[in-house]
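Each remark here refers to the structure printed beneath this line.
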Amino acid sequence: MQKKFRIKTFPAGGVHVDECKFSAQRPIESLPLPGVVTTPVLQHFGAAATPIVKAGDRVKTGQVIAQANGFLSVNIHATIAGTVARIDEAMDVSGYKRPVIVINADGEDWVEGVDLSRTLKRKVELSSVEIIKKVQQDGLVGLGGAGFPVHVKLSPVAGKRADVLLINGAECEPYLTCDHRLMVEKGPEILVGVVILMKALNVSRAVIGIEWNKQDAIAHLSALASDFDGIDVVALKACYPQGAEKQLIEALIGKQVPIGGLPIDAGCVVQNIATAFAVYESIQKNKPLVERIVTVAGEDLKKPSNFRVRLGTSMAALIEAAGGLPESTGKIISGGPMMGKALNMLDIPVIKTTSGILVMPQERSKRDPVVNCIRCARCVKHCPLGLEPYLLMNLAEKERFEDAENEVVMNCCECGTCAYVCPAKRPLLDYIRLAKTFITQRRKEKAVK
Amino acid sequence: MMQTILLSILLLSAIGVLSGVVLYLVARKFHIVEDPRIDTVQAILPGVNCGGCGYPGCRKFAEACVNSKDLDKLFCPVGGNTCMAQVATALGIEVVERDAMIAVVRCNGSLRNRPRTNKYDGTTWCKIVHNLYAGETGCSFGCLGFGDCVKACKFGAIAVDPETQLPVVDEEKCVACGACVKACPRQLIELRFKGKEGHRIFVCCRNPEKGSVARKNCSVACIGCGKCFKVCEFGAITMGTNLAYIDFKKCTLCQKCVGQCPTGAIHEIHHAKKV
Amino acid sequence: MSHGKLIVSLSPHVSSPDHVRRIMLDVVLALLPAALWSVYLFGFQAVRVIFVSVAACVICEYCIQRFLLKVPSSVDDGAAVVTGLLLAFNLPSNIPNWMIVVGGFVAIAIAKMTFGGIGNNPFNPALVGRVFMLISFPVAMTSWPVPLANRGQMIDAVTAATPLSIAKEGLKNGIASDQLMASLPNYWDLLIGQRGGCLGEVSVLLLSLGGLYLLYRKVIQLEIPLAVISSVFIFSGILWMVNPQTNMSPLFHILTGGIFLGAIFMATDMVTSPMTPAGMIIFGIAIGILTVVIRVFGAYPEGMSFAILIMNAFVPLIDRFTKPQKYGKLKHG
């Protein structure tokens with residue numbers, strides 16, 4: 001490492017969790033094309049897209065099959081070429097059956113105009129307005145997990161200006177290594193993607209934050225960044241939740257987002273590093289969002305891997321490719337172990353926000369028995385947002401939801417640090433979510449009146 | 001020595017008398033004049049403060065009764081018709097007798113009818129699980145079995161049967177206050193007429209999925225075939241999305257629909273006849 | 001998979017290896033050096049007192065939970081063991097068994113179980129037990145066997161007053177403080193524990209060792225012990241500077257009595273102390289000041305137990321006014 005890096009972090013709270021990055025050194029493997037894809041029409045934060053195909057239609061890879069429904073929505077594309085089998089309802093990551101478009105594949109057949117070559121294209125020809133329009137058309141959403149439509153974040157807001165772009169390369173969740181591998185293998189493309197985002201936002205400065213446990217990525221991107229104007233690479237402490245938006249902003253530029261506000265209020269816009277890569281593919285190669293990198297990991301898994309997979313592939317196929325479902329499996333999690341969603345079955349489609357699939361062994365899947373709160377204050381000490389989880393759980397248990405609202409429970413980002421550190425194994429986050437659900441419902445009822 | 005004792009007694013007595021006088025004067029000055037009928041009505045009410053009437057507490061309900069011209073919109077489910085009749089007499093106004101109501105759980109997805117496909121581990125609140133996922137079965141609309149309704153009931157009238165994992169309403173104890181109705185995140189509980197001799201008929205399912213899909217997950221689901229709708233002469237049955245609903249106000253308990261249902265989704269309860 | 005079924009629960013799906021049991025074990029380990037020293041000084045009697053105290057607390061908690069409350073017993077979390085051990089540390093080695101049982105009963109049944117078990121008690125249970133015994137059995141609780149010479153003896157033990165009570169008596173009778181110091185153990189002996197007193201309070205050095213272990217294991221935080229000890233030092237120092245003849249030196253104050261035991265093990269009890277560093281500092285400073293006030297102006301030579309119990313009552317108030325800074329409330333440029 002030629003350059004000496006100063007390691008930054010957010011000031012309050014957080015906890016170091018076991019990183020378990022088993023697949024950090026496994027290069028990205030492209031999975032063979034699936035035989036059938038199940039594409040939900042809602043894979044983002046916002047309004048579901050409206051299907052514009054029907055059963056029997058023939059579609060090409062990259063063709064729009066569902067149209068964006070309003071501003072807070074993006075297009076959905078066919079991720080393989082084939083025939084639309086049916087428009088149906090199927091179980092997805094939400095835990096409920098949602099509208100999906102099922103396509104039976106028959107080969108690879110891209111729509112016209114997509115540049116499938118691997119050569120790096122550095123010059124950005126589109127204007128800021130054109131970039132914003134194209135990312136919505138190409139179905140780009142935040143690939144870090146929240147799935148917020150990219151064009152919405154890039155669109156100017158009246159009275160507010162961003163003066164820096166922050167790129168989230170932290171990947172603070174244990175087990176996940178998809179962003180890490182992308183940084184190591186597609187560094188130049190990512191940086192061009194960052195340049196595109198900077199142009200769209202009209203900012204001259206971008207900061208890429210990467211956790212210190214990915215030193216190869218830091219060195220690689222830092223060396224490449226010297227060829228670009230205004231892009232800095234900053235090393236971050238491997239402390240969960242370093243990749244949470246508010247914590248990342250505080251670590252990189254030292255500012256806080258006001259309560260109820262957005263990053264633009266702190267003068268910045270945050271995008272995930274995989275999103276930057278997808279932006280490159282969309283703007284420079286005219287390629288809509290049809291695939292992503294997914295980490296498959298787990299203690300007993302034979303082959304923890306990072307797969308490049310077409311969206312809509314069943315997670316069962318990925319687990320098969322990683323050596324098959326171990327006998328000892330207790331839980332299957334979409335995402336990381338801290339914030340991921342436990343699945344009730346294997347046959348769930350990969351969507352735009354699926355960053356990883358975790359296979360947890362039986363003995364680690366059961367929760368420990370709950371004991372009284374011993375007021376050790378670890379939850380208070382480690383909460384990155386200055387909340388008091390023990391108090392919020394107490395209030396939620398007694399159904400005192402107004403009091404919980406006064407304790408700013410709505411500020412909670414559900415990172416799970418409090419429940420992780422609790423020695424009494426109390427389900428703090430369960431009750432905090434209960435309080436947030438009640439309060440959101442009550443606010444909706446009040447708004448209707 | 002005696003002097004000290006005497007002095008103490010006199011002093012304390014004087015303080016006592018002075019306090020008494022002050023308290024009396026303050027009570028007189030700050031006395032709130034309330035309609036004495038409110039106290040009368042409140043004494044008649046059961047005093048459970050369950051909120052089933054829609055008012056926060058029995059006293060507020062009593063106030064509402066005193067301040068209204070008639071008792072059409074006011075009903076205490078715990079006290080029932082006898083109580084409201086007494087209130088009417090006390091206030092000198094008319095009251096109409098209402099039909100007795102009872103909470104009905106409209107799901108029959110027991111362990112036998114609706115197989116469990118996964119195991120939930122964590123805080124057992126129906127509201128929490130409902131927000132997380134469909135539940136331990138394939139039916140996203142059915143009862144989760146964790147007992148939010150039981151927690152809400154102040155009368156001990158509902159309990160989860162461990163063999164079926166479904167809530168069971170106690171005919172005698174249920175006063176139809178509506179707490180369990182509000183508590184269920186899937187709106188599976190409904191207040192229906194108790195029926196003459198406890199006889200009532202209802203569709204025990206709320207699943208709007210296509211018949212084949214619903215039936216795959218639960219053997220007693222309503223498949224929306226419409227046979228009950230065709231046979232009802234009183235227009236009490238309406239068909240929603242793959243789902244039938246029996247309006248308890250129109251149902252005459254003729255029982256023709258019960259035999260028609262191919263899955264057994266229509267339930268008939270005879271309180272008098274123990275089946 | 002249980003019968004082939006996946007398990008579903010809300011995130012997070014992993015949890016730190018911390019457990020209440022581990023925390024209690026760490027406290028017991030931290031108290032071990034001081035416990036062994038007490039056996040060295042007081043012999044078999046020390047073992048008896050510790051054993052009876054721990055047994056009384058554990059049995060009391062078990063019986064109340066299983067037979068009165070009819071719930072599974074939680075004695076395996078080790079909290080009753082810690083309470084028993086801390087109670088024993090506050091007793092002289094010649095205390096009769098039945099008194100220890102009474103103290104254990106008060107500590108567990110009254111100060112802990114009546115409030116709802118672990119985590120719900122507002123007052124430190126070991127201290128409540130100790131103070132109850134002090135007030136109910138004043139003579140037995142204030143006669144300390146001379147260490148080493150009377151090792152192992154209970155009935156015929158020759159007792160002597162602790163340095164603190166000698167100092168208090170002496171000052172009351174008008175003897176100047178430096179004269180008193182000549183007849184008391186020197187600072188070095190006070191530090192390593194060559195003196196009489198309750199089982200656990202004698203060796204400041206070994207207690208500090210335990211304290212460092214707890215700091216390393218993150219069971220306690222530096223705020224409370226530092227605040228207590230420094231405020232005792234500073235406040236008694238102020239009094240000493242005003243009148244050196246009628247006040248003992250601040251070094252004497254912090255090395256005698258249960259300052260170190262109280263500051264490191266009793267005031268830091270998680271359940272009965274504040275939740276934030278700011279709150280802990282206020283708590284610690286108040287305890288220190290109260291301790292010196294009781295010692296100098298009050299009737300008792302030892303004020304730490306009362307000071308801690310008084311401040312335990314203020315903890316909810318302290319917590320309300322020392323809430324952590326909520327993210328996003330700062331005005332940032």
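We label chains A, B, ... in the order they appear in the structure tokens, count residues from 1 in each chain, and number ligands from 1 in the order shown.
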
Give me the residues near range 317-331 of chain A as a PDB file with C-alpha atoms, in the first residue's frame, where near means some atom within 10 Å (using only C-alpha atoms) and where sequence neighbours in that chain fewer than 2 positions away do not count.
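Wrote out.pdb, looks like this:
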ATOM      1  CA  LEU A  31     -24.590 -18.124 -13.800  1.00  0.00           C
ATOM      2  CA  PRO A  32     -26.006 -19.870 -16.864  1.00  0.00           C
ATOM      3  CA  PRO A  34     -32.287 -19.473 -16.262  1.00  0.00           C
ATOM      4  CA  VAL A 294     -25.465 -11.623  -5.623  1.00  0.00           C
ATOM      5  CA  THR A 295     -23.353 -13.194  -2.874  1.00  0.00           C
ATOM      6  CA  VAL A 296     -24.394 -16.650  -1.723  1.00  0.00           C
ATOM      7  CA  ALA A 297     -22.837 -17.497   1.628  1.00  0.00           C
ATOM      8  CA  GLY A 298     -23.246 -19.510   4.767  1.00  0.00           C
ATOM      9  CA  GLU A 299     -21.221 -21.501   7.290  1.00  0.00           C
ATOM     10  CA  ASP A 300     -22.111 -24.926   5.915  1.00  0.00           C
ATOM     11  CA  LEU A 301     -22.399 -23.935   2.267  1.00  0.00           C
ATOM     12  CA  LYS A 302     -19.997 -25.892   0.059  1.00  0.00           C
ATOM     13  CA  LYS A 303     -19.097 -23.069  -2.297  1.00  0.00           C
ATOM     14  CA  PRO A 304     -19.696 -19.532  -1.011  1.00  0.00           C
ATOM     15  CA  SER A 305     -19.725 -17.481  -4.223  1.00  0.00           C
ATOM     16  CA  ASN A 306     -20.498 -14.230  -5.941  1.00  0.00           C
ATOM     17  CA  PHE A 307     -22.799 -14.764  -8.923  1.00  0.00           C
ATOM     18  CA  ARG A 308     -23.735 -12.489 -11.776  1.00  0.00           C
ATOM     19  CA  VAL A 309     -27.345 -13.441 -12.207  1.00  0.00           C
ATOM     20  CA  THR A 313     -33.906 -16.128 -11.328  1.00  0.00           C
ATOM     21  CA  SER A 314     -35.147 -18.274  -8.487  1.00  0.00           C
ATOM     22  CA  MET A 315     -32.941 -18.173  -5.397  1.00  0.00           C
ATOM     23  CA  ILE A 333     -32.011 -14.889   4.474  1.00  0.00           C
ATOM     24  CA  SER A 334     -32.243 -12.437   1.607  1.00  0.00           C
ATOM     25  CA  LYS A 341     -35.357 -10.786   5.443  1.00  0.00           C
ATOM     26  CA  ALA A 342     -35.833 -14.432   6.418  1.00  0.00           C
ATOM     27  CA  LEU A 343     -37.621 -16.305   3.635  1.00  0.00           C
ATOM     28  CA  ASN A 344     -40.467 -18.752   4.098  1.00  0.00           C
ATOM     29  CA  MET A 345     -39.576 -20.771   1.007  1.00  0.00           C
ATOM     30  CA  LEU A 346     -36.741 -21.333  -1.466  1.00  0.00           C
ATOM     31  CA  ASP A 347     -38.488 -20.442  -4.680  1.00  0.00           C
ATOM     32  CA  ILE A 348     -38.315 -16.657  -4.403  1.00  0.00           C
ATOM     33  CA  PRO A 349     -37.065 -14.531  -7.316  1.00  0.00           C
ATOM     34  CA  VAL A 350     -33.910 -12.428  -7.178  1.00  0.00           C
ATOM     35  CA  ILE A 357     -28.526 -14.989   0.016  1.00  0.00           C
ATOM     36  CA  LEU A 358     -27.462 -16.382   3.371  1.00  0.00           C
ATOM     37  CA  VAL A 359     -27.924 -19.938   4.439  1.00  0.00           C
ATOM     38  CA  MET A 360     -27.856 -20.215   8.212  1.00  0.00           C
ATOM     39  CA  PRO A 361     -27.385 -23.494  10.054  1.00  0.00           C
ATOM     40  CA  GLN A 362     -30.107 -24.749  12.374  1.00  0.00           C
ATOM     41  CA  GLU A 363     -28.284 -24.071  15.637  1.00  0.00           C
ATOM     42  CA  ARG A 364     -27.737 -20.422  14.769  1.00  0.00           C
ATOM     43  CA  SER A 365     -31.263 -19.885  13.518  1.00  0.00           C
ATOM     44  CA  LYS A 366     -33.160 -20.018  16.782  1.00  0.00           C
TER      45      LYS A 366
ATOM     46  CA  ASN B 118     -42.523 -22.855   8.013  1.00  0.00           C
ATOM     47  CA  LYS B 119     -41.867 -22.009  11.628  1.00  0.00           C
TER      48      LYS B 119
ATOM     49  CA  MET C   1     -34.622 -27.858   9.211  1.00  0.00           C
ATOM     50  CA  SER C   2     -37.292 -28.614  11.808  1.00  0.00           C
ATOM     51  CA  GLY C   4     -38.194 -29.759   6.754  1.00  0.00           C
ATOM     52  CA  LYS C   5     -39.503 -26.284   7.593  1.00  0.00           C
ATOM     53  CA  LEU C   6     -37.584 -23.052   7.322  1.00  0.00           C
ATOM     54  CA  ILE C   7     -37.474 -20.786  10.338  1.00  0.00           C
ATOM     55  CA  VAL C   8     -38.706 -17.233   9.801  1.00  0.00           C
ATOM     56  CA  SER C   9     -38.072 -14.347  12.143  1.00  0.00           C
ATOM     57  CA  HIS C  13     -30.612 -12.817  12.668  1.00  0.00           C
TER      58      HIS C  13
END

If you run DSSP on the backbone here, which positions in range 64-274 of chain B get alpha helix (DSSP H)? Please write them as a ChimeraX atom specification.
/B:64-67,80-91,126-132,148-152,179-183,211-217,227-231,256-260

Report as a count of residues only all protein, DNA and RNA residues lying within 8 Å of range 93-95 of chain B, evaluated on only C-alpha atoms, omitting residues in the same chain fewer than 3 positions from it.
8

Just the residues within 10 Å of Asp229 in chain A, please, counting only C-alpha atoms, with nothing from its chain fewer than 6 positions along; format it as number ranges by chain.
A: 195, 204-206

Quick check: residues of chain C within 10 Å of chain A, only C-alpha atoms, returned as a PyMOL selection string.
chain C and resi 1-2+4-23+74+77+116-121+218-220+268-277+323-333

Would you save the residues from that selection as a JSON list (two decimals), in the first residue's frame, using C-alpha atoms?
[["chain", "number", "residue", "atom", "x", "y", "z"],
["C", 1, "MET", "CA", -34.62, -27.86, 9.21],
["C", 2, "SER", "CA", -37.29, -28.61, 11.81],
["C", 4, "GLY", "CA", -38.19, -29.76, 6.75],
["C", 5, "LYS", "CA", -39.50, -26.28, 7.59],
["C", 6, "LEU", "CA", -37.58, -23.05, 7.32],
["C", 7, "ILE", "CA", -37.47, -20.79, 10.34],
["C", 8, "VAL", "CA", -38.71, -17.23, 9.80],
["C", 9, "SER", "CA", -38.07, -14.35, 12.14],
["C", 10, "LEU", "CA", -37.45, -10.65, 12.08],
["C", 11, "SER", "CA", -33.95, -9.25, 11.67],
["C", 12, "PRO", "CA", -31.35, -9.15, 13.12],
["C", 13, "HIS", "CA", -30.61, -12.82, 12.67],
["C", 14, "VAL", "CA", -27.36, -12.82, 14.59],
["C", 15, "SER", "CA", -26.59, -11.73, 18.09],
["C", 16, "SER", "CA", -23.43, -10.98, 20.03],
["C", 17, "PRO", "CA", -22.10, -13.73, 22.27],
["C", 18, "ASP", "CA", -22.82, -11.55, 25.33],
["C", 19, "HIS", "CA", -25.21, -12.90, 27.89],
["C", 20, "VAL", "CA", -26.38, -11.87, 31.35],
["C", 21, "ARG", "CA", -24.72, -15.03, 32.68],
["C", 22, "ARG", "CA", -21.37, -13.98, 31.24],
["C", 23, "ILE", "CA", -21.63, -10.54, 32.79],
["C", 74, "SER", "CA", -33.76, -17.74, 36.75],
["C", 77, "ASP", "CA", -28.22, -16.27, 35.33],
["C", 116, "GLY", "CA", -40.52, -7.85, 39.71],
["C", 117, "GLY", "CA", -37.20, -9.62, 39.72],
["C", 118, "ILE", "CA", -33.96, -8.73, 37.97],
["C", 119, "GLY", "CA", -33.95, -5.44, 36.17],
["C", 120, "ASN", "CA", -36.93, -3.99, 37.99],
["C", 121, "ASN", "CA", -35.42, -3.13, 41.36],
["C", 218, "LYS", "CA", -16.75, -3.73, 29.31],
["C", 219, "VAL", "CA", -18.98, -4.74, 32.21],
["C", 220, "ILE", "CA", -18.49, -1.36, 33.88],
["C", 268, "THR", "CA", -21.86, 0.50, 39.04],
["C", 269, "ASP", "CA", -24.64, -2.09, 39.38],
["C", 270, "MET", "CA", -26.27, -1.87, 35.95],
["C", 271, "VAL", "CA", -29.85, -2.09, 37.10],
["C", 272, "THR", "CA", -29.63, 0.76, 39.59],
["C", 273, "SER", "CA", -27.32, 3.19, 37.85],
["C", 274, "PRO", "CA", -27.94, 5.74, 35.08],
["C", 275, "MET", "CA", -27.89, 4.83, 31.40],
["C", 276, "THR", "CA", -25.67, 7.53, 29.88],
["C", 277, "PRO", "CA", -22.11, 8.71, 30.63],
["C", 323, "LYS", "CA", -30.93, 11.54, 27.49],
["C", 324, "PRO", "CA", -28.41, 10.85, 24.72],
["C", 325, "GLN", "CA", -28.13, 13.34, 21.89],
["C", 326, "LYS", "CA", -30.55, 12.35, 19.13],
["C", 327, "TYR", "CA", -29.04, 12.21, 15.67],
["C", 328, "GLY", "CA", -30.24, 15.02, 13.46],
["C", 329, "LYS", "CA", -30.98, 17.53, 16.20],
["C", 330, "LEU", "CA", -27.57, 19.20, 15.86],
["C", 331, "LYS", "CA", -27.43, 22.39, 13.92],
["C", 332, "HIS", "CA", -24.77, 21.72, 11.37],
["C", 333, "GLY", "CA", -23.49, 24.27, 8.94]]

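Using only C-alpha atoms, the residues found no farther than 6 Å from range 94-104 of chain A, other than those of its own chain fewer than 5 positions away, are Val36, Val37, Thr38, Thr39, Pro40, Val41, Gly82, Thr83, Val84, Ala85, Arg86, Ile87, Asp88 and Glu89 of chain A; Tyr133 and Ala134 of chain B.
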
Next, the residues of the selection above should be written as a CSV table (one decimal), in the first residue's frame with C-alpha atoms.
chain,number,residue,atom,x,y,z
A,36,VAL,CA,-37.8,-19.2,-16.5
A,37,VAL,CA,-37.8,-15.8,-14.7
A,38,THR,CA,-40.4,-14.5,-12.3
A,39,THR,CA,-40.3,-10.7,-12.4
A,40,PRO,CA,-42.2,-8.8,-9.8
A,41,VAL,CA,-43.5,-5.4,-11.0
A,82,GLY,CA,-38.6,-15.7,-24.4
A,83,THR,CA,-42.4,-15.9,-24.2
A,84,VAL,CA,-44.5,-14.4,-21.5
A,85,ALA,CA,-46.1,-17.4,-19.7
A,86,ARG,CA,-48.5,-15.5,-17.5
A,87,ILE,CA,-49.1,-12.4,-15.4
A,88,ASP,CA,-49.7,-13.9,-12.0
A,89,GLU,CA,-49.2,-13.4,-8.3
B,133,TYR,CA,-44.9,-12.0,6.1
B,134,ALA,CA,-47.9,-14.2,5.1

I need the contact residues of chain B against chain C, so if you could list those with any atom within 8 Å, counting only C-alpha atoms, and return them as an MDAnalysis selection string, that would help.
chainID B and resid 117:122 132

Filtered DSSP result for range 34-203 of chain A, state strand (DSSP E or B), as a ChimeraX atom specification:
/A:36-40,50-51,58-59,61,64-67,76-77,81-91,97-107,110,141,149,157,160,164-169
